[in-house]
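Okay, structure.cif is below, mmCIF, C-alpha atoms and all ligand atoms:
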data_query
#
loop_
_atom_site.label_atom_id
_atom_site.label_comp_id
_atom_site.auth_asym_id
_atom_site.auth_seq_id
_atom_site.Cartn_x
_atom_site.Cartn_y
_atom_site.Cartn_z
CA MET N 26 79.82 106.09 18.64
CA SER N 27 82.00 102.96 18.45
CA SER N 28 85.74 103.03 17.79
CA ILE N 29 88.00 101.31 15.26
CA PRO N 30 88.98 97.82 16.54
CA PHE N 31 92.68 97.46 17.36
CA TYR N 32 93.40 95.17 14.37
CA ALA N 33 91.96 97.68 11.85
CA LYS N 34 93.82 100.70 13.30
CA LYS N 35 96.84 99.85 11.15
CA PHE N 36 94.90 100.98 8.06
CA VAL N 37 92.06 103.22 9.34
CA SER N 38 92.98 106.48 11.07
CA GLY N 39 89.90 106.82 13.27
CA ILE N 40 86.17 107.07 13.51
CA ASN N 41 85.74 110.86 13.28
CA ILE N 42 87.25 114.01 11.75
CA GLU N 43 89.23 114.83 14.91
CA GLU N 44 91.08 111.50 14.85
CA ALA N 45 91.70 111.81 11.12
CA PHE N 46 93.00 115.39 11.48
CA ALA N 47 95.49 114.26 14.15
CA VAL N 48 97.04 112.00 11.48
CA VAL N 49 96.89 114.75 8.83
CA GLU N 50 98.72 117.18 11.14
CA ARG N 51 101.39 114.60 11.99
CA LEU N 52 102.02 113.97 8.28
CA ASN N 53 101.85 117.65 7.28
CA ASP N 54 104.60 118.30 9.89
CA LYS N 55 106.77 115.95 7.81
CA LYS N 56 105.83 117.87 4.63
CA ILE N 57 103.64 115.00 3.47
CA CYS N 58 100.24 115.80 1.96
CA VAL N 59 97.11 113.76 2.77
CA THR N 60 94.03 112.74 0.85
CA LEU N 61 91.24 112.00 3.34
CA ASP N 62 88.66 109.37 2.53
CA LEU N 63 85.41 109.34 4.50
CA LEU N 64 84.64 105.61 4.40
CA GLY N 65 81.37 104.41 2.92
CA GLU N 66 80.21 102.65 -0.24
CA ASN N 67 77.25 100.99 -1.97
CA ILE N 68 74.57 102.83 -0.04
CA SER N 69 70.97 101.96 -0.89
CA GLU N 70 68.99 104.85 0.66
CA LYS N 71 69.05 108.43 -0.71
CA GLN N 72 69.10 109.72 2.85
CA GLN N 73 72.47 108.01 3.50
CA ALA N 74 74.00 109.71 0.44
CA ILE N 75 72.71 113.12 1.53
CA LYS N 76 74.25 112.56 4.97
CA PHE N 77 77.62 111.78 3.35
CA VAL N 78 77.39 114.94 1.19
CA ASP N 79 76.81 116.99 4.35
CA GLU N 80 79.78 115.30 6.03
CA TYR N 81 82.05 116.04 3.05
CA ASP N 82 80.88 119.67 3.08
CA ILE N 83 81.87 119.96 6.76
CA LEU N 84 85.17 118.20 6.08
CA LEU N 85 86.09 120.59 3.24
CA LYS N 86 85.23 123.61 5.36
CA LYS N 87 87.37 122.35 8.26
CA ILE N 88 90.33 121.51 5.98
CA SER N 89 90.19 125.08 4.70
CA GLU N 90 89.80 126.65 8.17
CA LYS N 91 92.77 124.68 9.53
CA LYS N 92 94.81 125.36 6.35
CA LEU N 93 95.80 121.70 6.10
CA ASP N 94 97.79 120.30 3.19
CA CYS N 95 94.99 117.91 2.50
CA TYR N 96 92.43 117.01 -0.13
CA VAL N 97 89.63 114.43 -0.33
CA SER N 98 88.84 111.13 -2.06
CA ILE N 99 85.29 109.92 -2.69
CA LYS N 100 83.57 106.75 -3.88
CA LEU N 101 80.59 107.44 -6.13
CA THR N 102 78.57 104.50 -4.74
CA MET N 103 78.61 106.41 -1.45
CA LEU N 104 76.85 109.29 -3.24
CA GLY N 105 74.12 107.04 -4.66
CA LEU N 106 75.52 105.64 -7.93
CA ASP N 107 73.62 102.38 -7.27
CA ILE N 108 70.37 104.35 -6.88
CA ASP N 109 70.28 106.89 -9.69
CA PHE N 110 72.93 108.42 -11.98
CA ASP N 111 71.63 112.03 -11.89
CA PHE N 112 71.05 111.92 -8.14
CA CYS N 113 74.68 110.82 -7.73
CA TYR N 114 75.96 113.53 -10.12
CA ASN N 115 74.03 116.24 -8.28
CA ASN N 116 75.50 115.08 -4.97
CA LEU N 117 79.00 115.20 -6.42
CA SER N 118 78.31 118.66 -7.90
CA GLN N 119 77.37 119.98 -4.47
CA ILE N 120 80.68 118.72 -3.04
CA MET N 121 82.63 120.02 -6.06
CA ARG N 122 81.14 123.51 -5.76
CA ILE N 123 82.40 123.73 -2.18
CA ALA N 124 85.76 122.15 -3.07
CA ASP N 125 86.27 124.66 -5.88
CA HIS N 126 85.27 127.48 -3.52
CA TYR N 127 88.02 126.44 -1.07
CA ASN N 128 90.37 125.35 -3.89
CA ILE N 129 90.64 121.80 -2.55
CA ARG N 130 91.20 118.82 -4.86
CA VAL N 131 88.68 115.96 -5.05
CA ALA N 132 89.60 112.50 -6.35
CA LEU N 133 87.02 109.99 -7.54
CA ASP N 134 88.12 106.56 -6.33
CA MET N 135 87.59 103.73 -8.79
CA GLU N 136 85.45 100.83 -7.61
CA GLY N 137 84.65 97.45 -9.25
CA SER N 138 84.46 97.28 -13.06
CA ASP N 139 80.63 97.49 -13.08
CA TYR N 140 81.14 101.14 -12.13
CA THR N 141 84.10 102.07 -14.35
CA GLU N 142 82.20 103.51 -17.33
CA ARG N 143 79.73 105.46 -15.17
CA THR N 144 82.53 106.83 -12.99
CA ILE N 145 84.42 108.06 -16.07
CA VAL N 146 81.29 109.62 -17.61
CA ILE N 147 80.58 111.47 -14.34
CA TYR N 148 84.21 112.59 -14.16
CA GLU N 149 84.16 113.83 -17.80
CA ARG N 150 80.99 115.81 -17.12
CA ALA N 151 82.30 117.25 -13.84
CA ALA N 152 85.70 118.13 -15.37
CA LYS N 153 83.90 120.53 -17.77
CA GLU N 154 82.36 122.37 -14.81
CA PHE N 155 84.87 122.09 -11.95
CA LYS N 156 88.63 122.56 -11.95
CA ASN N 157 89.74 120.49 -8.95
CA ILE N 158 88.57 117.02 -9.93
CA GLU N 159 90.76 113.96 -10.55
CA ILE N 160 90.06 110.27 -11.12
CA VAL N 161 91.59 106.89 -10.30
CA LEU N 162 92.40 104.41 -13.09
CA GLN N 163 93.37 100.78 -12.51
CA ALA N 164 96.29 99.23 -14.44
CA TYR N 165 94.84 95.70 -14.15
CA LEU N 166 91.82 96.52 -16.35
CA VAL N 167 92.13 95.72 -20.05
CA ARG N 168 90.13 98.86 -20.93
CA THR N 169 92.41 101.29 -19.06
CA GLU N 170 94.67 102.08 -22.04
CA ASP N 171 91.63 103.61 -23.82
CA ASP N 172 90.46 105.29 -20.61
CA VAL N 173 93.85 107.01 -20.25
CA LYS N 174 93.22 108.73 -23.61
CA ARG N 175 89.78 109.89 -22.42
CA ILE N 176 91.15 111.34 -19.20
CA LEU N 177 94.01 113.08 -20.99
CA ALA N 178 91.42 114.64 -23.31
CA ALA N 179 89.37 115.84 -20.30
CA ASN N 180 91.69 117.41 -17.70
CA GLY N 181 94.57 114.94 -17.43
CA ARG N 182 94.43 114.52 -13.65
CA VAL N 183 94.82 110.86 -12.80
CA ARG N 184 95.78 108.61 -9.91
CA LEU N 185 97.05 105.33 -11.36
CA CYS N 186 96.90 102.23 -9.13
CA LYS N 187 97.04 98.49 -9.86
CA GLY N 188 93.42 97.80 -8.81
CA ALA N 189 91.98 96.15 -5.70
CA TYR N 190 88.73 94.39 -6.71
CA LYS N 191 88.04 90.81 -7.75
CA GLU N 192 87.54 90.96 -11.51
CA PRO N 193 86.85 88.31 -14.19
CA PRO N 194 89.73 87.37 -16.56
CA GLU N 195 87.98 88.88 -19.62
CA LYS N 196 88.11 92.30 -17.93
CA ALA N 197 91.33 92.25 -15.91
CA ILE N 198 94.93 91.12 -16.31
CA LYS N 199 95.57 88.40 -13.73
CA LYS N 200 99.35 87.93 -13.76
CA MET N 201 101.14 90.39 -11.46
CA SER N 202 104.16 90.74 -13.79
CA GLN N 203 101.80 91.76 -16.64
CA ILE N 204 99.93 94.23 -14.41
CA VAL N 205 103.27 95.86 -13.51
CA GLU N 206 104.22 95.94 -17.21
CA ASN N 207 100.90 97.62 -18.08
CA TYR N 208 101.32 100.05 -15.17
CA LYS N 209 104.73 101.10 -16.50
CA LYS N 210 103.39 101.52 -20.03
CA LEU N 211 100.44 103.67 -18.90
CA ILE N 212 102.36 105.79 -16.42
CA GLN N 213 104.89 106.87 -19.06
CA LYS N 214 102.14 108.32 -21.28
CA LEU N 215 100.45 109.92 -18.27
CA LEU N 216 103.65 111.50 -16.96
CA LEU N 217 104.50 112.92 -20.38
CA GLU N 218 101.02 114.21 -21.28
CA GLY N 219 99.05 114.61 -18.03
CA GLN N 220 98.44 117.69 -15.87
CA ARG N 221 98.81 116.10 -12.44
CA ILE N 222 99.66 112.42 -12.16
CA CYS N 223 99.52 110.47 -8.90
CA ILE N 224 101.72 107.37 -8.83
CA ALA N 225 99.76 105.25 -6.34
CA SER N 226 101.78 102.14 -5.51
CA HIS N 227 103.90 100.57 -2.77
CA ASP N 228 105.77 98.48 -5.32
CA ASP N 229 109.52 99.30 -5.36
CA ASP N 230 109.84 98.16 -8.96
CA ILE N 231 107.20 100.70 -10.06
CA ILE N 232 108.51 103.47 -7.78
CA ASP N 233 112.13 103.09 -8.97
CA PHE N 234 110.98 102.92 -12.60
CA CYS N 235 108.97 106.15 -12.22
CA ILE N 236 111.78 108.04 -10.45
CA GLU N 237 114.18 107.13 -13.26
CA PHE N 238 111.62 108.09 -15.93
CA ILE N 239 110.82 111.41 -14.22
CA GLU N 240 114.50 112.34 -13.93
CA LYS N 241 115.31 111.30 -17.50
CA ASN N 242 112.42 113.34 -18.91
CA ASN N 243 112.72 116.33 -16.54
CA ILE N 244 109.07 116.07 -15.49
CA PRO N 245 108.38 119.16 -13.30
CA LYS N 246 107.65 118.43 -9.61
CA ASP N 247 104.22 120.09 -9.76
CA ARG N 248 103.07 117.63 -12.44
CA TYR N 249 103.29 114.43 -10.37
CA GLU N 250 103.29 112.99 -6.86
CA PHE N 251 103.80 109.60 -5.24
CA GLN N 252 100.95 108.19 -3.17
CA MET N 253 100.62 105.36 -0.64
CA LEU N 254 97.96 104.07 1.72
CA TYR N 255 97.98 104.87 5.44
CA GLY N 256 99.54 101.96 7.34
CA MET N 257 101.81 100.72 4.58
CA ARG N 258 105.56 101.28 4.14
CA GLU N 259 105.87 104.34 6.38
CA LYS N 260 109.68 104.51 6.12
CA THR N 261 109.42 104.67 2.33
CA TRP N 262 107.15 107.78 2.55
CA SER N 263 109.92 109.79 4.17
CA ARG N 264 112.59 108.34 1.86
CA ILE N 265 110.65 109.51 -1.23
CA ARG N 266 109.90 112.91 0.36
CA GLU N 267 113.56 113.42 1.31
CA LYS N 268 114.52 112.83 -2.34
CA GLY N 269 112.42 115.94 -3.11
CA HIS N 270 109.34 114.30 -4.65
CA ASN N 271 105.84 115.26 -3.54
CA MET N 272 104.27 112.53 -1.40
CA THR N 273 100.61 112.07 -0.46
CA ILE N 274 99.14 109.51 1.93
CA TYR N 275 95.59 108.22 1.49
CA VAL N 276 94.09 108.30 4.99
CA PRO N 277 90.65 106.70 5.52
CA TYR N 278 88.38 107.35 8.50
CA GLY N 279 84.80 106.71 9.56
CA ASP N 280 82.63 103.98 11.01
CA GLN N 281 82.09 102.19 7.65
CA TRP N 282 85.61 100.74 7.70
CA GLN N 283 84.83 97.04 7.08
CA ALA N 284 84.83 96.87 3.23
CA TYR N 285 87.99 98.98 2.92
CA TYR N 286 89.72 96.89 5.57
CA ALA N 287 88.69 93.63 3.86
CA ARG N 288 90.36 94.79 0.61
CA ARG N 289 93.61 95.50 2.49
CA LEU N 290 93.50 92.01 4.04
CA ALA N 291 92.81 90.38 0.69
CA GLU N 292 95.88 92.04 -0.84
CA ARG N 293 98.30 90.38 1.51
CA LYS N 294 98.08 87.12 3.45
CA GLU N 295 100.49 88.44 6.13
CA ASN N 296 97.74 90.89 7.20
CA VAL N 297 95.31 88.03 7.82
CA PHE N 298 97.95 86.20 9.90
CA PHE N 299 98.52 89.41 11.90
CA VAL N 300 94.80 89.62 12.79
CA LEU N 301 94.51 85.93 13.66
CA LYS N 302 97.67 85.98 15.79
CA ASN N 303 96.42 88.97 17.80
CA LEU N 304 92.88 87.67 18.16
CA PHE N 305 94.20 84.46 19.70
CA LYS N 306 96.52 86.45 22.00
CA SER N 307 93.67 88.50 23.48
P1 LIG K 401 101.70 95.34 -4.38
O1 LIG K 401 102.54 94.46 -5.24
O2 LIG K 401 100.37 94.82 -3.96
O3 LIG K 401 102.50 95.74 -3.09
C1 LIG K 401 103.86 96.12 -3.09
C2 LIG K 401 104.36 96.09 -1.66
O4 LIG K 401 103.59 96.99 -0.87
C3 LIG K 401 104.20 94.75 -0.96
O5 LIG K 401 105.26 93.88 -1.24
C4 LIG K 401 104.13 95.20 0.48
O6 LIG K 401 105.41 95.53 0.95
C5 LIG K 401 103.31 96.45 0.41
N1 LIG K 401 101.85 96.16 0.50
C6 LIG K 401 100.96 96.11 -0.51
N2 LIG K 401 99.72 95.84 -0.08
C7 LIG K 401 99.83 95.72 1.26
C8 LIG K 401 98.88 95.47 2.28
N3 LIG K 401 97.58 95.30 2.04
N4 LIG K 401 99.35 95.41 3.56
C9 LIG K 401 100.66 95.60 3.85
N5 LIG K 401 101.59 95.86 2.91
C10 LIG K 401 101.19 95.92 1.63
N6 LIG K 401 92.49 100.45 -5.78
C11 LIG K 401 91.32 100.52 -6.46
O7 LIG K 401 90.86 99.53 -7.02
N7 LIG K 401 90.65 101.72 -6.54
C12 LIG K 401 91.12 102.86 -5.97
O8 LIG K 401 90.46 103.91 -6.07
C13 LIG K 401 92.36 102.81 -5.27
N8 LIG K 401 92.89 103.91 -4.69
C14 LIG K 401 94.16 103.84 -4.18
C15 LIG K 401 94.77 105.00 -3.73
C16 LIG K 401 96.08 104.98 -3.30
C17 LIG K 401 96.73 106.24 -2.86
C18 LIG K 401 96.81 103.73 -3.30
C19 LIG K 401 98.25 103.68 -2.87
C20 LIG K 401 96.20 102.58 -3.69
C21 LIG K 401 94.88 102.59 -4.12
N9 LIG K 401 94.23 101.44 -4.52
C22 LIG K 401 93.02 101.54 -5.18
C23 LIG K 401 94.80 100.10 -4.19
C24 LIG K 401 95.66 99.55 -5.31
O9 LIG K 401 94.86 99.26 -6.43
C25 LIG K 401 96.38 98.27 -4.87
O10 LIG K 401 95.46 97.31 -4.50
C26 LIG K 401 97.35 98.47 -3.72
O11 LIG K 401 97.98 99.71 -3.78
C27 LIG K 401 98.44 97.38 -3.78
O12 LIG K 401 99.18 97.48 -4.98
P2 LIG K 401 100.70 97.99 -5.03
O13 LIG K 401 100.90 98.72 -6.31
O14 LIG K 401 101.01 98.76 -3.82
O15 LIG K 401 101.57 96.70 -5.18
#
Would you put the structure from the file into structure tokens?
Ligand code: FAD
Amino acid sequence: MSSIPFYAKKFVSGINIEEAFAVVERLNDKKICVTLDLLGENISEKQQAIKFVDEYDILLKKISEKKLDCYVSIKLTMLGLDIDFDFCYNNLSQIMRIADHYNIRVALDMEGSDYTERTIVIYERAAKEFKNIEIVLQAYLVRTEDDVKRILAANGRVRLCKGAYKEPPEKAIKKMSQIVENYKKLIQKLLLEGQRICIASHDDDIIDFCIEFIEKNNIPKDRYEFQMLYGMREKTWSRIREKGHNMTIYVPYGDQWQAYYARRLAERKENVFFVLKNLFKS
């Protein structure tokens, strides 16, 4: 088995469960929770999806055995959403049954807008059957205001992020100031009406806004948490935790790291310069 190249190690914890668990344990020691993401997306063979289901089953069992403060995140295209809707739902159901058995949360990541409606329909169906499911919504999408209402009507467990995919202007807000404005508008409704809201952002403007809103409205600590990606703004994780807010870090691992890593590079030109600088050094 290969290993993660040095330039991708900033964002990807490792190639296997053992390497990922080393990061989980380090963060749990600091009273920071983790959501583990087994990397993989857009698979085209049923066999690949079945292999990922088996790997998630093992992961859930090990999280429970080790009593880690840790849950999992999943992309539906890794479970066969590009192949067949029912096949994908059945794969998710198998994972959800085990997750519910061990009482471990499962978050459905949100991919490009071609998948948004299908991801929400699968989530709505699963939320009727399983208690531990949550879903990601993206503040840059024009449709998200309506989607918030749907999720609140289902089980109200949402991770709100800005959105990381290249989308056409008729579907997504393009100006960063307007995305932040929409984020703030949506998060207020979610924090007031949701069951468990994950504030997924590294943006100080959004973080400060949410802390003020939470304090002003006395939102109980078990109804929200802040979330950031592994490799970004580590000092801020501890600062938020020390203020008494729950903090979760999204930690990816696995040998299918390329697409995830490319999205992190695309978000910030400094990351591309970092890679180039180090490639020329070596
Ligand atoms: P930004 O304005 O992009 O960043 C604010 C600050 O954070 C920057 O100034 C910088 O200091 C730091 N920062 C941001 N990005 C980087 C980077 N790449 N490298 C180094 N520093 C950086 N998107 C989806 O589309 N679907 C998902 O399912 C999804 N899940 C996510 C789960 C979590 C827990 C998080 C935190 C993000 C997730 N995202 C997802 C990504 C998200 O949509 C954004 O692309 C990403 O978080 C950057 O937006 P931001 O709010 O942090 O603000």
At most 8 Å from ligand LIG 401 (chain K) (all atoms listed in the file): residue list as number ranges by chain: N: 60, 100, 133-137, 161-163, 184-190, 201, 223-229, 231, 252-254, 256-258, 273-275, 288-293, 295-296
Which protein, DNA or RNA residues are at most 10 Å from (90.6, 121.9, -5.7) in the file's coordinates when you count all atoms listed in the file, listed as a ChimeraX atom specification? /N:96-97,121-132,155-159
Generate the output file for the selected residues, C-alpha atoms, as an mmCIF file, in the frame of the given file.
data_model
loop_
_atom_site.group_PDB
_atom_site.id
_atom_site.type_symbol
_atom_site.label_atom_id
_atom_site.label_comp_id
_atom_site.auth_asym_id
_atom_site.auth_seq_id
_atom_site.Cartn_x
_atom_site.Cartn_y
_atom_site.Cartn_z
ATOM 1 C CA TYR N 96 92.430 117.010 -0.130
ATOM 2 C CA VAL N 97 89.630 114.430 -0.330
ATOM 3 C CA MET N 121 82.630 120.020 -6.060
ATOM 4 C CA ARG N 122 81.140 123.510 -5.760
ATOM 5 C CA ILE N 123 82.400 123.730 -2.180
ATOM 6 C CA ALA N 124 85.760 122.150 -3.070
ATOM 7 C CA ASP N 125 86.270 124.660 -5.880
ATOM 8 C CA HIS N 126 85.270 127.480 -3.520
ATOM 9 C CA TYR N 127 88.020 126.440 -1.070
ATOM 10 C CA ASN N 128 90.370 125.350 -3.890
ATOM 11 C CA ILE N 129 90.640 121.800 -2.550
ATOM 12 C CA ARG N 130 91.200 118.820 -4.860
ATOM 13 C CA VAL N 131 88.680 115.960 -5.050
ATOM 14 C CA ALA N 132 89.600 112.500 -6.350
ATOM 15 C CA PHE N 155 84.870 122.090 -11.950
ATOM 16 C CA LYS N 156 88.630 122.560 -11.950
ATOM 17 C CA ASN N 157 89.740 120.490 -8.950
ATOM 18 C CA ILE N 158 88.570 117.020 -9.930
ATOM 19 C CA GLU N 159 90.760 113.960 -10.550
#
Atom CA of Asn271 of chain N to atom CA of Ser98 of chain N: how many Å, to one decimal?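 For atom CA of Asn271 of chain N relative to atom CA of Ser98 of chain N, the distance reads 17.6 Å.
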Applying 8 Å and only C-alpha atoms, which residues near Leu101 of chain N remain after dropping the ones on its own chain fewer than 5 positions away? List them as a list of chain:residue names.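 Here the answer would be N:Glu66, N:Leu106, N:Cys113, N:Leu117, N:Leu133, N:Asp134, N:Thr144.
Considering only C-alpha atoms, the residue among N:Lys76, N:Arg143, N:Lys55, N:Lys268 positioned nearest to Asp107 of chain N is N:Arg143.
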